[in-house]
>>> print(open('target.pdb').read())   # PDB, C-alpha atoms
ATOM      1  CA  MET B   1      26.486-126.219-118.164
ATOM      2  CA  ALA B   2      25.263-126.681-121.728
ATOM      3  CA  ARG B   3      28.849-126.636-122.963
ATOM      4  CA  GLY B   4      29.289-130.003-121.249
ATOM      5  CA  LEU B   5      26.903-131.651-123.723
ATOM      6  CA  SER B   6      27.625-132.638-127.308
ATOM      7  CA  GLN B   7      24.109-131.711-128.505
ATOM      8  CA  PRO B   8      22.905-128.078-128.364
ATOM      9  CA  ILE B   9      19.978-127.261-126.068
ATOM     10  CA  GLU B  10      17.250-125.260-127.793
ATOM     11  CA  GLN B  11      15.034-124.633-124.785
ATOM     12  CA  VAL B  12      14.663-125.479-121.087
ATOM     13  CA  THR B  13      11.369-125.325-119.196
ATOM     14  CA  LEU B  14      11.583-125.360-115.389
ATOM     15  CA  ARG B  15       8.471-126.116-113.320
ATOM     16  CA  GLY B  16       8.057-124.770-109.807
ATOM     17  CA  ALA B  17       5.312-124.948-107.212
ATOM     18  CA  GLY B  18       4.032-121.506-108.185
ATOM     19  CA  GLY B  19       4.855-121.208-111.860
ATOM     20  CA  ILE B  20       7.041-121.972-114.849
ATOM     21  CA  LEU B  21      10.246-120.478-116.240
ATOM     22  CA  VAL B  22      11.080-120.920-119.946
ATOM     23  CA  LEU B  23      14.730-120.367-120.928
ATOM     24  CA  THR B  24      15.573-120.050-124.638
ATOM     25  CA  PRO B  25      19.162-119.384-125.797
ATOM     26  CA  LEU B  26      19.576-116.602-128.344
ATOM     27  CA  GLY B  27      21.828-118.547-130.675
ATOM     28  CA  SER B  28      23.558-121.752-129.645
ATOM     29  CA  SER B  29      23.228-122.863-126.020
ATOM     30  CA  SER B  30      26.993-123.439-125.988
ATOM     31  CA  SER B  31      27.856-119.951-127.250
ATOM     32  CA  GLY B  32      27.742-118.335-123.821
ATOM     33  CA  GLY B  33      25.582-115.526-125.206
ATOM     34  CA  ALA B  34      22.253-113.988-124.232
ATOM     35  CA  MET B  35      19.151-115.902-123.204
ATOM     36  CA  LEU B  36      15.437-115.128-123.252
ATOM     37  CA  ALA B  37      13.777-115.912-119.894
ATOM     38  CA  VAL B  38       9.980-115.811-119.569
ATOM     39  CA  GLY B  39       8.108-116.665-116.367
ATOM     40  CA  MET B  40       4.419-117.429-115.989
ATOM     41  CA  ARG B  41       1.970-118.654-113.407
ATOM     42  CA  THR B  42       0.897-122.288-113.451
ATOM     43  CA  GLY B  43      -2.122-122.860-115.694
ATOM     44  CA  GLY B  44      -1.122-120.611-118.578
ATOM     45  CA  ALA B  45      -0.747-121.561-122.238
ATOM     46  CA  LEU B  46       2.695-123.138-121.857
ATOM     47  CA  ALA B  47       2.956-124.738-125.309
ATOM     48  CA  ARG B  48       2.218-121.397-127.009
ATOM     49  CA  LEU B  49       4.682-119.573-124.764
ATOM     50  CA  GLU B  50       7.445-122.060-125.624
ATOM     51  CA  MET B  51       6.702-121.731-129.341
ATOM     52  CA  LEU B  52       6.734-117.920-129.241
ATOM     53  CA  ALA B  53       9.987-117.914-127.267
ATOM     54  CA  ARG B  54      11.701-120.155-129.836
ATOM     55  CA  ARG B  55      10.411-117.913-132.622
ATOM     56  CA  ALA B  56      11.707-114.779-130.878
ATOM     57  CA  ALA B  57      15.094-116.424-130.246
ATOM     58  CA  ALA B  58      15.521-117.127-133.948
ATOM     59  CA  TRP B  59      16.235-113.440-134.668
ATOM     60  CA  PRO B  60      19.947-112.609-135.199
ATOM     61  CA  VAL B  61      21.689-111.259-132.094
ATOM     62  CA  ASP B  62      25.211-110.352-131.044
ATOM     63  CA  ARG B  63      26.760-113.387-129.372
ATOM     64  CA  GLU B  64      29.427-113.375-126.725
ATOM     65  CA  PRO B  65      32.268-115.907-126.867
ATOM     66  CA  PRO B  66      32.149-118.864-124.432
ATOM     67  CA  ARG B  67      33.628-118.154-121.010
ATOM     68  CA  GLY B  68      34.954-120.822-118.645
ATOM     69  CA  THR B  69      34.264-124.516-118.558
ATOM     70  CA  VAL B  70      32.121-126.809-116.436
ATOM     71  CA  VAL B  71      33.602-129.924-114.862
ATOM     72  CA  PHE B  72      30.868-132.382-113.929
ATOM     73  CA  ALA B  73      31.083-134.849-111.059
ATOM     74  CA  ARG B  74      32.164-138.380-112.007
ATOM     75  CA  PHE B  75      29.411-140.966-112.134
ATOM     76  CA  ASP B  76      29.993-144.744-112.299
ATOM     77  CA  ARG B  77      27.648-147.311-113.818
ATOM     78  CA  MET B  78      25.649-149.364-111.292
ATOM     79  CA  PRO B  79      22.963-152.082-111.490
ATOM     80  CA  THR B  80      19.519-150.660-112.208
ATOM     81  CA  PRO B  81      16.797-151.465-109.641
ATOM     82  CA  PRO B  82      13.989-153.699-111.007
ATOM     83  CA  ALA B  83      11.400-150.978-110.254
ATOM     84  CA  VAL B  84      13.150-148.587-112.625
ATOM     85  CA  VAL B  85      13.381-151.225-115.358
ATOM     86  CA  ALA B  86       9.638-151.860-115.019
ATOM     87  CA  ALA B  87       8.911-148.130-115.117
ATOM     88  CA  ALA B  88      10.664-147.797-118.469
ATOM     89  CA  GLU B  89       8.176-150.222-120.021
ATOM     90  CA  ASP B  90       5.273-147.943-119.083
ATOM     91  CA  LEU B  91       6.740-144.821-120.728
ATOM     92  CA  THR B  92       5.263-145.618-124.130
ATOM     93  CA  SER B  93       5.176-141.948-125.200
ATOM     94  CA  PHE B  94       8.981-141.993-125.562
ATOM     95  CA  GLY B  95       9.186-145.213-127.581
ATOM     96  CA  PRO B  96      11.577-148.062-126.636
ATOM     97  CA  LEU B  97      13.946-147.013-123.845
ATOM     98  CA  ASP B  98      17.300-148.310-122.628
ATOM     99  CA  VAL B  99      17.750-148.194-118.838
ATOM    100  CA  GLN B 100      21.058-147.241-117.214
ATOM    101  CA  SER B 101      21.821-146.140-113.659
ATOM    102  CA  TYR B 102      24.824-144.205-112.364
ATOM    103  CA  ARG B 103      26.185-143.359-108.904
ATOM    104  CA  GLU B 104      28.289-140.374-107.853
ATOM    105  CA  ALA B 105      31.053-141.730-105.610
ATOM    106  CA  ALA B 106      31.424-138.766-103.252
ATOM    107  CA  SER B 107      27.774-138.173-102.328
ATOM    108  CA  GLY B 108      26.177-141.503-103.256
ATOM    109  CA  ALA B 109      23.682-139.678-105.481
ATOM    110  CA  VAL B 110      22.015-141.894-108.077
ATOM    111  CA  VAL B 111      20.789-140.932-111.539
ATOM    112  CA  HIS B 112      18.476-143.309-113.415
ATOM    113  CA  CYS B 113      18.532-142.715-117.183
ATOM    114  CA  LEU B 114      15.689-144.064-119.322
ATOM    115  CA  VAL B 115      16.835-143.103-122.796
ATOM    116  CA  ALA B 116      16.055-143.854-126.429
ATOM    117  CA  PRO B 117      18.693-145.546-128.608
ATOM    118  CA  GLY B 118      21.347-143.040-129.617
ATOM    119  CA  VAL B 119      20.995-140.833-126.525
ATOM    120  CA  ALA B 120      24.256-140.767-124.530
ATOM    121  CA  ALA B 121      23.256-141.669-120.967
ATOM    122  CA  PRO B 122      26.811-141.390-119.545
ATOM    123  CA  GLU B 123      26.895-137.776-120.755
ATOM    124  CA  LEU B 124      23.346-136.981-119.668
ATOM    125  CA  ALA B 125      23.582-138.343-116.094
ATOM    126  CA  PRO B 126      26.110-135.832-114.652
ATOM    127  CA  PHE B 127      24.439-132.946-116.517
ATOM    128  CA  ALA B 128      21.037-133.870-115.025
ATOM    129  CA  TRP B 129      22.542-134.054-111.550
ATOM    130  CA  GLU B 130      24.131-130.621-111.853
ATOM    131  CA  LEU B 131      20.878-129.157-113.159
ATOM    132  CA  THR B 132      18.834-130.561-110.262
ATOM    133  CA  GLN B 133      21.381-129.105-107.841
ATOM    134  CA  VAL B 134      20.739-125.670-109.344
ATOM    135  CA  MET B 135      16.966-126.229-109.336
ATOM    136  CA  THR B 136      16.871-126.996-105.607
ATOM    137  CA  GLN B 137      18.749-123.769-104.850
ATOM    138  CA  SER B 138      16.123-121.633-106.578
ATOM    139  CA  ALA B 139      14.237-120.437-103.489
ATOM    140  CA  SER B 140      15.021-116.872-104.574
ATOM    141  CA  ALA B 141      12.738-117.354-107.586
ATOM    142  CA  GLU B 142      10.031-115.793-105.393
ATOM    143  CA  ALA B 143       6.564-116.474-106.861
ATOM    144  CA  LEU B 144       7.758-119.369-109.030
ATOM    145  CA  GLY B 145       8.970-121.305-105.990
ATOM    146  CA  VAL B 146      11.606-124.037-105.952
ATOM    147  CA  PHE B 147      11.807-125.865-109.273
ATOM    148  CA  HIS B 148      11.022-129.592-109.131
ATOM    149  CA  SER B 149      11.324-130.671-112.781
ATOM    150  CA  ALA B 150      12.837-129.627-116.076
ATOM    151  CA  VAL B 151      12.097-130.267-119.750
ATOM    152  CA  LEU B 152      14.882-129.833-122.314
ATOM    153  CA  ARG B 153      14.537-129.751-126.083
ATOM    154  CA  SER B 154      17.364-130.544-128.476
ATOM    155  CA  GLY B 155      16.340-131.075-132.077
ATOM    156  CA  LYS B 156      13.810-133.920-132.075
ATOM    157  CA  THR B 157      14.851-135.098-128.609
ATOM    158  CA  ARG B 158      12.864-134.297-125.454
ATOM    159  CA  VAL B 159      14.467-134.776-122.038
ATOM    160  CA  GLU B 160      12.514-134.833-118.758
ATOM    161  CA  ILE B 161      14.478-134.471-115.505
ATOM    162  CA  ARG B 162      12.998-134.942-112.031
ATOM    163  CA  LYS B 163      14.527-135.174-108.596
ATOM    164  CA  LEU B 164      12.836-137.941-106.627
ATOM    165  CA  PRO B 165      12.069-137.514-102.904
ATOM    166  CA  ALA B 166      14.760-139.212-100.809
ATOM    167  CA  PRO B 167      14.287-138.099 -97.176
ATOM    168  CA  ALA B 168      16.323-140.925 -95.629
ATOM    169  CA  GLY B 169      18.866-141.812 -98.300
ATOM    170  CA  PRO B 170      21.065-140.483-101.099
ATOM    171  CA  SER B 171      19.540-138.191-103.703
ATOM    172  CA  GLN B 172      17.948-139.821-106.733
ATOM    173  CA  VAL B 173      17.294-138.224-110.102
ATOM    174  CA  LEU B 174      15.082-139.620-112.864
ATOM    175  CA  VAL B 175      16.008-138.748-116.462
ATOM    176  CA  MET B 176      13.836-139.697-119.431
ATOM    177  CA  ALA B 177      14.916-138.904-122.989
ATOM    178  CA  GLY B 178      13.359-139.824-126.305
ATOM    179  CA  GLY B 179      11.829-138.493-129.482
ATOM    180  CA  ASP B 180       9.475-135.517-129.217
ATOM    181  CA  THR B 181       6.164-136.985-130.393
ATOM    182  CA  GLY B 182       4.287-133.686-130.280
ATOM    183  CA  ARG B 183       2.044-134.971-127.464
ATOM    184  CA  PRO B 184       3.367-133.089-124.404
ATOM    185  CA  GLY B 185       0.217-133.756-122.380
ATOM    186  CA  LEU B 186       0.585-137.529-122.617
ATOM    187  CA  VAL B 187       4.325-137.332-121.939
ATOM    188  CA  ARG B 188       3.814-135.234-118.816
ATOM    189  CA  LEU B 189       1.085-137.562-117.516
ATOM    190  CA  GLN B 190       3.249-140.657-117.953
ATOM    191  CA  VAL B 191       6.297-138.960-116.446
ATOM    192  CA  GLU B 192       4.345-137.823-113.384
ATOM    193  CA  ARG B 193       2.928-141.318-112.856
ATOM    194  CA  THR B 194       6.372-142.870-113.199
ATOM    195  CA  ALA B 195       7.978-140.403-110.791
ATOM    196  CA  ALA B 196       5.191-140.949-108.235
ATOM    197  CA  ARG B 197       5.548-144.744-108.483
ATOM    198  CA  LEU B 198       9.312-144.659-108.038
ATOM    199  CA  SER B 199       9.034-142.211-105.127
ATOM    200  CA  GLU B 200       6.937-144.781-103.276
ATOM    201  CA  ALA B 201       9.213-147.727-104.125
TER     202      ALA B 201
END
>>> encode(input="target.pdb", output="structure tokens")
Amino acid sequence: MARGLSQPIEQVTLRGAGGILVLTPLGSSSSGGAMLAVGMRTGGALARLEMLARRAAAWPVDREPPRGTVVFARFDRMPTPPAVVAAAEDLTSFGPLDVQSYREAASGAVVHCLVAPGVAAPELAPFAWELTQVMTQSASAEALGVFHSAVLRSGKTRVEIRKLPAPAGPSQVLVMAGGDTGRPGLVRLQVERTAARLSEA
């Protein structure tokens, strides 16, 4: 999936009901090579675990050549609901955000992208949708449970992806991307508040 993005992914953190899974590519995320996967129960020292995983992944390793390609679903631009526009103004931890919404024609799924200038929302929307599809199929993760959110790091960019509850309508995904300010606690608090507000809208 990472080969569908122009920017390399340095780390992905998946949160489940029972724990957290940190995935760190050994080499480039688009190389198709090995990956370091570390799971932990909720409540552990996540920031330290992520740092140690990135440090361990920096060691030279044998890399396999890329295999296969990923074709993402096609998403078309659509008007953004006022509630999503208002939510972007409250995400101060990411800095100024542009708001764009996209719909997948076949399923009607909607992806709302709240992104900093320079972040390619048209590229990010289908990737986020594919990732949430994988996350919701993770019941076999046993103690970690089904994953409900993901955090991606690429250089100085931090991306938060959450699937919003949609019991009676098409699936909705919330994507927030901006500069990594080094304040993950504040970012997570604002993201959780925003997701909860939009789930009730």
>>> atom_distance(input="target.pdb", atom1="atom CA of Arg103 of chain B", atom2="atom CA of Phe75 of chain B")
5.2 Å
>>> atom_distance(input="target.pdb", atom1="atom CA of Ala57 of chain B", atom2="atom CA of Leu36 of chain B")
7.1 Å
>>> resolve_selection(input="target.pdb", expression="the PyMOL selection byres ((chain B and resi 53) around 12)", output="list in words")
Glu10, Gln11, Val12, Thr13, Leu21, Val22, Leu23, Thr24, Pro25, Leu26, Met35, Leu36, Ala37, Val38, Gly39, Leu46, Ala47, Arg48, Leu49, Glu50, Met51, Leu52, Arg54, Arg55, Ala56, Ala57, Ala58 and Trp59 of chain B
>>> atom_distance(input="target.pdb", atom1="atom CA of Ala143 of chain B", atom2="atom CA of Leu124 of chain B")
29.4 Å
>>> resolve_selection(input="target.pdb", expression="the PyMOL selection byres ((chain B and resi 97) around 12)", output="number ranges by chain")
B: 84-96, 98-100, 112-119, 121, 175-179
>>> resolve_selection(input="target.pdb", expression="the PyMOL selection byres ((chain B and resi 172) around 8)", output="ChimeraX atom specification")
/B:109-112,163-166,170-171,173-174
>>> residues_near_point(input="target.pdb", point="(7.0, -133.6, -127.4)", cutoff="10 Å", atoms="only C-alpha atoms", output="compact mmCIF listing (two decimals) with C-alpha atoms, in the frame of the given file")
# COMPACT_ATOMS: atom_id res chain seq x y z
CA ALA B 47 2.96 -124.74 -125.31
CA SER B 93 5.18 -141.95 -125.20
CA PHE B 94 8.98 -141.99 -125.56
CA VAL B 151 12.10 -130.27 -119.75
CA ARG B 153 14.54 -129.75 -126.08
CA LYS B 156 13.81 -133.92 -132.07
CA THR B 157 14.85 -135.10 -128.61
CA ARG B 158 12.86 -134.30 -125.45
CA VAL B 159 14.47 -134.78 -122.04
CA GLY B 178 13.36 -139.82 -126.30
CA GLY B 179 11.83 -138.49 -129.48
CA ASP B 180 9.48 -135.52 -129.22
CA THR B 181 6.16 -136.99 -130.39
CA GLY B 182 4.29 -133.69 -130.28
CA ARG B 183 2.04 -134.97 -127.46
CA PRO B 184 3.37 -133.09 -124.40
CA GLY B 185 0.22 -133.76 -122.38
CA LEU B 186 0.58 -137.53 -122.62
CA VAL B 187 4.32 -137.33 -121.94
CA ARG B 188 3.81 -135.23 -118.82
>>> closest_residue(input="target.pdb", among="B:Glu130, B:Met40, B:Ala73, B:Val191", to="Gly16 of chain B", atoms="only C-alpha atoms")
B:Met40
>>> closest_residue(input="target.pdb", among="B:Thr80, B:Ser149, B:Ser154, B:Thr42", to="Glu192 of chain B", atoms="only C-alpha atoms")
B:Ser149
>>> closest_residue(input="target.pdb", among="B:Gly145, B:Gly155, B:Pro81, B:Gly19", to="Gln7 of chain B", atoms="all atoms listed in the file")
B:Gly155
